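Asker: The structure's right below; bear with me while I get my questions together.
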Amino acid sequence: MRFRLSIGAAIGLAALFSCTSQKKPASLAEKGRSVYLVNCISCHNPDPTKDGPLGPAVAGSSLELLSARVMRAEYPPGYKPKRSSHVMAPLPHLKDQLEALHAFLAAP
């Protein structure tokens with residue numbers, strides 16, 4: 001038994017398979033990059049390895065530091081700040097995004 005597809009059906013199937021096979025979930029670091037670009041670059045540099053107009057370079061920041069700064073605008077015990085300013089406000093709405101932000105800032 002042979003099956004024949006119309007040209008329209010063949011194109012539709014090709015489009016269906018190409019769309020579903022090309023979609024892949026964003027990595028944690030990619031999600032963190034989005035969080036950083038939306039929430040952080042007004043004070044920090046778009047390149048997290050460089051100082052920004054108000055905030056210092058943040059690449060490589062520990063999850064402990066990010067949690068303290070982002071959630072409470074504090075520093076973890078024993079941490080020596082890079083700058084003496086206390087301009088950063090808490091951003092508690094980012095609580096569920098901290099791991100993604102950390103993944104982005106830890107990426108080379």
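Identifiers in this document derive from the order of the structure tokens: chains are assigned A, B, ..., residues are numbered from 1 separately in each chain, and ligands are numbered from 1 in order of occurrence.
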Do a neighbour search on Glu64 in chain A at 8 Å with only C-alpha atoms, toss out local chain neighbours closer than 3 positions, and write the hits as a PyMOL selection string.
Answerer: chain A and resi 67-68+76
Asker: Using all heavy atoms, can you export the residues from the last selection as an mmCIF file, in the first residue's frame?
Answerer:
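This is the output file result02.cif:
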data_model
loop_
_atom_site.group_PDB
_atom_site.id
_atom_site.type_symbol
_atom_site.label_atom_id
_atom_site.label_comp_id
_atom_site.auth_asym_id
_atom_site.auth_seq_id
_atom_site.Cartn_x
_atom_site.Cartn_y
_atom_site.Cartn_z
ATOM 1 N N SER A 67 22.120 36.723 46.848
ATOM 2 C CA SER A 67 20.945 36.617 47.699
ATOM 3 C C SER A 67 20.887 37.772 48.689
ATOM 4 O O SER A 67 19.838 38.410 48.851
ATOM 5 C CB SER A 67 20.960 35.277 48.437
ATOM 6 O OG SER A 67 19.822 35.160 49.241
ATOM 7 N N ALA A 68 21.987 38.071 49.337
ATOM 8 C CA ALA A 68 22.016 39.162 50.313
ATOM 9 C C ALA A 68 21.755 40.509 49.652
ATOM 10 O O ALA A 68 20.967 41.315 50.152
ATOM 11 C CB ALA A 68 23.363 39.179 51.038
ATOM 12 N N PRO A 76 26.744 39.788 52.766
ATOM 13 C CA PRO A 76 26.881 38.636 53.653
ATOM 14 C C PRO A 76 27.938 38.932 54.726
ATOM 15 O O PRO A 76 28.821 39.764 54.511
ATOM 16 C CB PRO A 76 27.324 37.495 52.733
ATOM 17 C CG PRO A 76 27.554 38.074 51.400
ATOM 18 C CD PRO A 76 27.146 39.496 51.400
#
Asker: Which residue is closest to Ser27 in chain A? Choose from A:Ala100, A:Ala106, A:Ala73, A:Leu91 and count only C-alpha atoms.
Answerer: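 Among the listed residues, A:Ala100 lies closest to Ser27 in chain A.
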Asker: Go through A:Leu63, A:Ala57, A:Ala26, A:Ala103 one by one, measure the shortest atom-to-atom distance of each to Ile41 in chain A using only C-alpha atoms, and give the residue with the smallest value.
Answerer: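 Residue with the minimum atom-to-atom distance to Ile41 in chain A: A:Ala57.
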Asker: Can you pull out every residue within 12 Å of Gln97 in chain A, counting only C-alpha atoms, but drop anything in the same chain fewer than 6 positions away, and send it as a PyMOL selection string?
Answerer: chain A and resi 28-36+38-39+63+66-67+70-71+91+103-104
Asker: Filtering to N, CA and C atoms, could you give me those residues as an mmCIF file, in the first residue's frame?
Answerer:
data_model
loop_
_atom_site.group_PDB
_atom_site.id
_atom_site.type_symbol
_atom_site.label_atom_id
_atom_site.label_comp_id
_atom_site.auth_asym_id
_atom_site.auth_seq_id
_atom_site.Cartn_x
_atom_site.Cartn_y
_atom_site.Cartn_z
ATOM 1 N N LEU A 28 19.543 27.738 32.013
ATOM 2 C CA LEU A 28 19.449 28.551 33.218
ATOM 3 C C LEU A 28 20.239 29.847 33.045
ATOM 4 N N ALA A 29 21.423 29.764 32.432
ATOM 5 C CA ALA A 29 22.242 30.960 32.207
ATOM 6 C C ALA A 29 21.555 31.925 31.239
ATOM 7 N N GLU A 30 20.859 31.403 30.221
ATOM 8 C CA GLU A 30 20.140 32.274 29.291
ATOM 9 C C GLU A 30 19.003 32.996 30.000
ATOM 10 N N LYS A 31 18.313 32.289 30.886
ATOM 11 C CA LYS A 31 17.254 32.931 31.671
ATOM 12 C C LYS A 31 17.861 34.007 32.568
ATOM 13 N N GLY A 32 18.999 33.696 33.174
ATOM 14 C CA GLY A 32 19.680 34.658 34.031
ATOM 15 C C GLY A 32 20.130 35.885 33.268
ATOM 16 N N ARG A 33 20.551 35.686 32.038
ATOM 17 C CA ARG A 33 20.949 36.828 31.197
ATOM 18 C C ARG A 33 19.768 37.762 31.001
ATOM 19 N N SER A 34 18.596 37.204 30.739
ATOM 20 C CA SER A 34 17.398 38.027 30.576
ATOM 21 C C SER A 34 17.075 38.783 31.863
ATOM 22 N N VAL A 35 17.171 38.097 32.991
ATOM 23 C CA VAL A 35 16.924 38.746 34.284
ATOM 24 C C VAL A 35 17.898 39.904 34.468
ATOM 25 N N TYR A 36 19.168 39.668 34.179
ATOM 26 C CA TYR A 36 20.198 40.689 34.332
ATOM 27 C C TYR A 36 19.923 41.890 33.424
ATOM 28 N N VAL A 38 17.144 42.934 32.098
ATOM 29 C CA VAL A 38 15.916 43.655 32.432
ATOM 30 C C VAL A 38 16.050 44.422 33.750
ATOM 31 N N ASN A 39 16.770 43.848 34.725
ATOM 32 C CA ASN A 39 16.751 44.407 36.074
ATOM 33 C C ASN A 39 18.038 45.077 36.541
ATOM 34 N N LEU A 63 26.373 32.962 45.023
ATOM 35 C CA LEU A 63 24.936 32.928 45.261
ATOM 36 C C LEU A 63 24.611 33.585 46.605
ATOM 37 N N LEU A 66 24.709 37.366 45.971
ATOM 38 C CA LEU A 66 23.529 37.762 45.196
ATOM 39 C C LEU A 66 22.273 37.748 46.054
ATOM 40 N N SER A 67 22.120 36.723 46.848
ATOM 41 C CA SER A 67 20.945 36.617 47.699
ATOM 42 C C SER A 67 20.887 37.772 48.689
ATOM 43 N N VAL A 70 20.448 41.218 46.474
ATOM 44 C CA VAL A 70 19.197 41.333 45.733
ATOM 45 C C VAL A 70 17.993 41.287 46.673
ATOM 46 N N MET A 71 18.007 40.408 47.637
ATOM 47 C CA MET A 71 16.837 40.250 48.496
ATOM 48 C C MET A 71 16.746 41.304 49.601
ATOM 49 N N LEU A 91 15.430 43.904 45.718
ATOM 50 C CA LEU A 91 14.596 43.501 44.583
ATOM 51 C C LEU A 91 13.973 42.133 44.885
ATOM 52 N N ALA A 103 23.734 31.646 37.610
ATOM 53 C CA ALA A 103 24.248 30.842 36.492
ATOM 54 C C ALA A 103 24.804 31.745 35.397
ATOM 55 N N PHE A 104 24.093 32.833 35.102
ATOM 56 C CA PHE A 104 24.585 33.770 34.078
ATOM 57 C C PHE A 104 25.868 34.439 34.517
#
Asker: Pick the closest to His102 in chain A from A:Pro90, A:Gly60, A:Pro53, A:Pro48: which is it, counting only C-alpha atoms?
Answerer: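 Using only C-alpha atoms, His102 in chain A sits closest to A:Gly60.
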Asker: One decimal, in Å: what's the spacing between CA of Ser61 in chain A and CA of Pro25 in chain A?
Answerer: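 These atoms are spaced 24.8 Å apart.
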Asker: What's the separation between CA of His44 in chain A and CA of Pro56 in chain A, in Å to one decimal place?
Answerer: 6.3 Å
Asker: Expressed in Å to a single decimal, how great is the separation between CA of Leu101 in chain A and CA of Asp47 in chain A?
Answerer: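 These atoms are spaced 13.5 Å apart.
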Asker: With a distance cut-off of 12 Å and only C-alpha atoms, select the neighbouring residues of Arg83 in chain A, excluding the residue or stretch itself and same-chain residues fewer than 3 positions from it, and output the selection as a VMD selection string.
Answerer: chain A and resid 51 to 58 75 79 to 80 86 to 88
Asker: With N, CA and C atoms retained, write the just-selected residues as a PDB file, in the first residue's frame.
Answerer:
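Output file out-v8.pdb follows:
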ATOM      1  N   ASP A  51      32.650  47.509  35.444  1.00  0.00           N
ATOM      2  CA  ASP A  51      31.916  48.377  36.352  1.00  0.00           C
ATOM      3  C   ASP A  51      30.867  49.159  35.583  1.00  0.00           C
ATOM      4  N   GLY A  52      29.748  49.428  36.269  1.00  0.00           N
ATOM      5  CA  GLY A  52      28.684  50.228  35.695  1.00  0.00           C
ATOM      6  C   GLY A  52      28.716  51.634  36.257  1.00  0.00           C
ATOM      7  N   PRO A  53      27.762  52.470  35.884  1.00  0.00           N
ATOM      8  CA  PRO A  53      27.753  53.848  36.365  1.00  0.00           C
ATOM      9  C   PRO A  53      27.538  53.956  37.881  1.00  0.00           C
ATOM     10  N   LEU A  54      26.783  53.039  38.465  1.00  0.00           N
ATOM     11  CA  LEU A  54      26.550  53.048  39.908  1.00  0.00           C
ATOM     12  C   LEU A  54      27.054  51.789  40.595  1.00  0.00           C
ATOM     13  N   GLY A  55      26.885  50.653  39.946  1.00  0.00           N
ATOM     14  CA  GLY A  55      27.234  49.371  40.552  1.00  0.00           C
ATOM     15  C   GLY A  55      28.520  48.810  39.982  1.00  0.00           C
ATOM     16  N   PRO A  56      29.224  48.029  40.788  1.00  0.00           N
ATOM     17  CA  PRO A  56      30.484  47.436  40.333  1.00  0.00           C
ATOM     18  C   PRO A  56      30.264  46.245  39.405  1.00  0.00           C
ATOM     19  N   ALA A  57      31.350  45.746  38.852  1.00  0.00           N
ATOM     20  CA  ALA A  57      31.303  44.505  38.075  1.00  0.00           C
ATOM     21  C   ALA A  57      30.779  43.399  38.987  1.00  0.00           C
ATOM     22  N   VAL A  58      29.922  42.557  38.469  1.00  0.00           N
ATOM     23  CA  VAL A  58      29.300  41.521  39.299  1.00  0.00           C
ATOM     24  C   VAL A  58      29.536  40.107  38.793  1.00  0.00           C
ATOM     25  N   TYR A  75      25.061  42.942  52.689  1.00  0.00           N
ATOM     26  CA  TYR A  75      26.209  42.110  52.329  1.00  0.00           C
ATOM     27  C   TYR A  75      26.242  40.909  53.248  1.00  0.00           C
ATOM     28  N   TYR A  79      31.901  40.016  54.204  1.00  0.00           N
ATOM     29  CA  TYR A  79      32.169  40.444  52.831  1.00  0.00           C
ATOM     30  C   TYR A  79      32.611  41.903  52.819  1.00  0.00           C
ATOM     31  N   LYS A  80      33.669  42.199  52.080  1.00  0.00           N
ATOM     32  CA  LYS A  80      34.151  43.576  51.942  1.00  0.00           C
ATOM     33  C   LYS A  80      33.618  44.137  50.621  1.00  0.00           C
ATOM     34  N   HIS A  86      25.652  52.856  49.141  1.00  0.00           N
ATOM     35  CA  HIS A  86      24.557  51.966  49.539  1.00  0.00           C
ATOM     36  C   HIS A  86      23.314  52.321  48.734  1.00  0.00           C
ATOM     37  N   VAL A  87      23.485  52.410  47.432  1.00  0.00           N
ATOM     38  CA  VAL A  87      22.429  52.868  46.544  1.00  0.00           C
ATOM     39  C   VAL A  87      21.446  51.754  46.187  1.00  0.00           C
ATOM     40  N   MET A  88      21.905  50.514  46.163  1.00  0.00           N
ATOM     41  CA  MET A  88      21.062  49.422  45.692  1.00  0.00           C
ATOM     42  C   MET A  88      19.871  49.184  46.613  1.00  0.00           C
TER      43      MET A  88
END
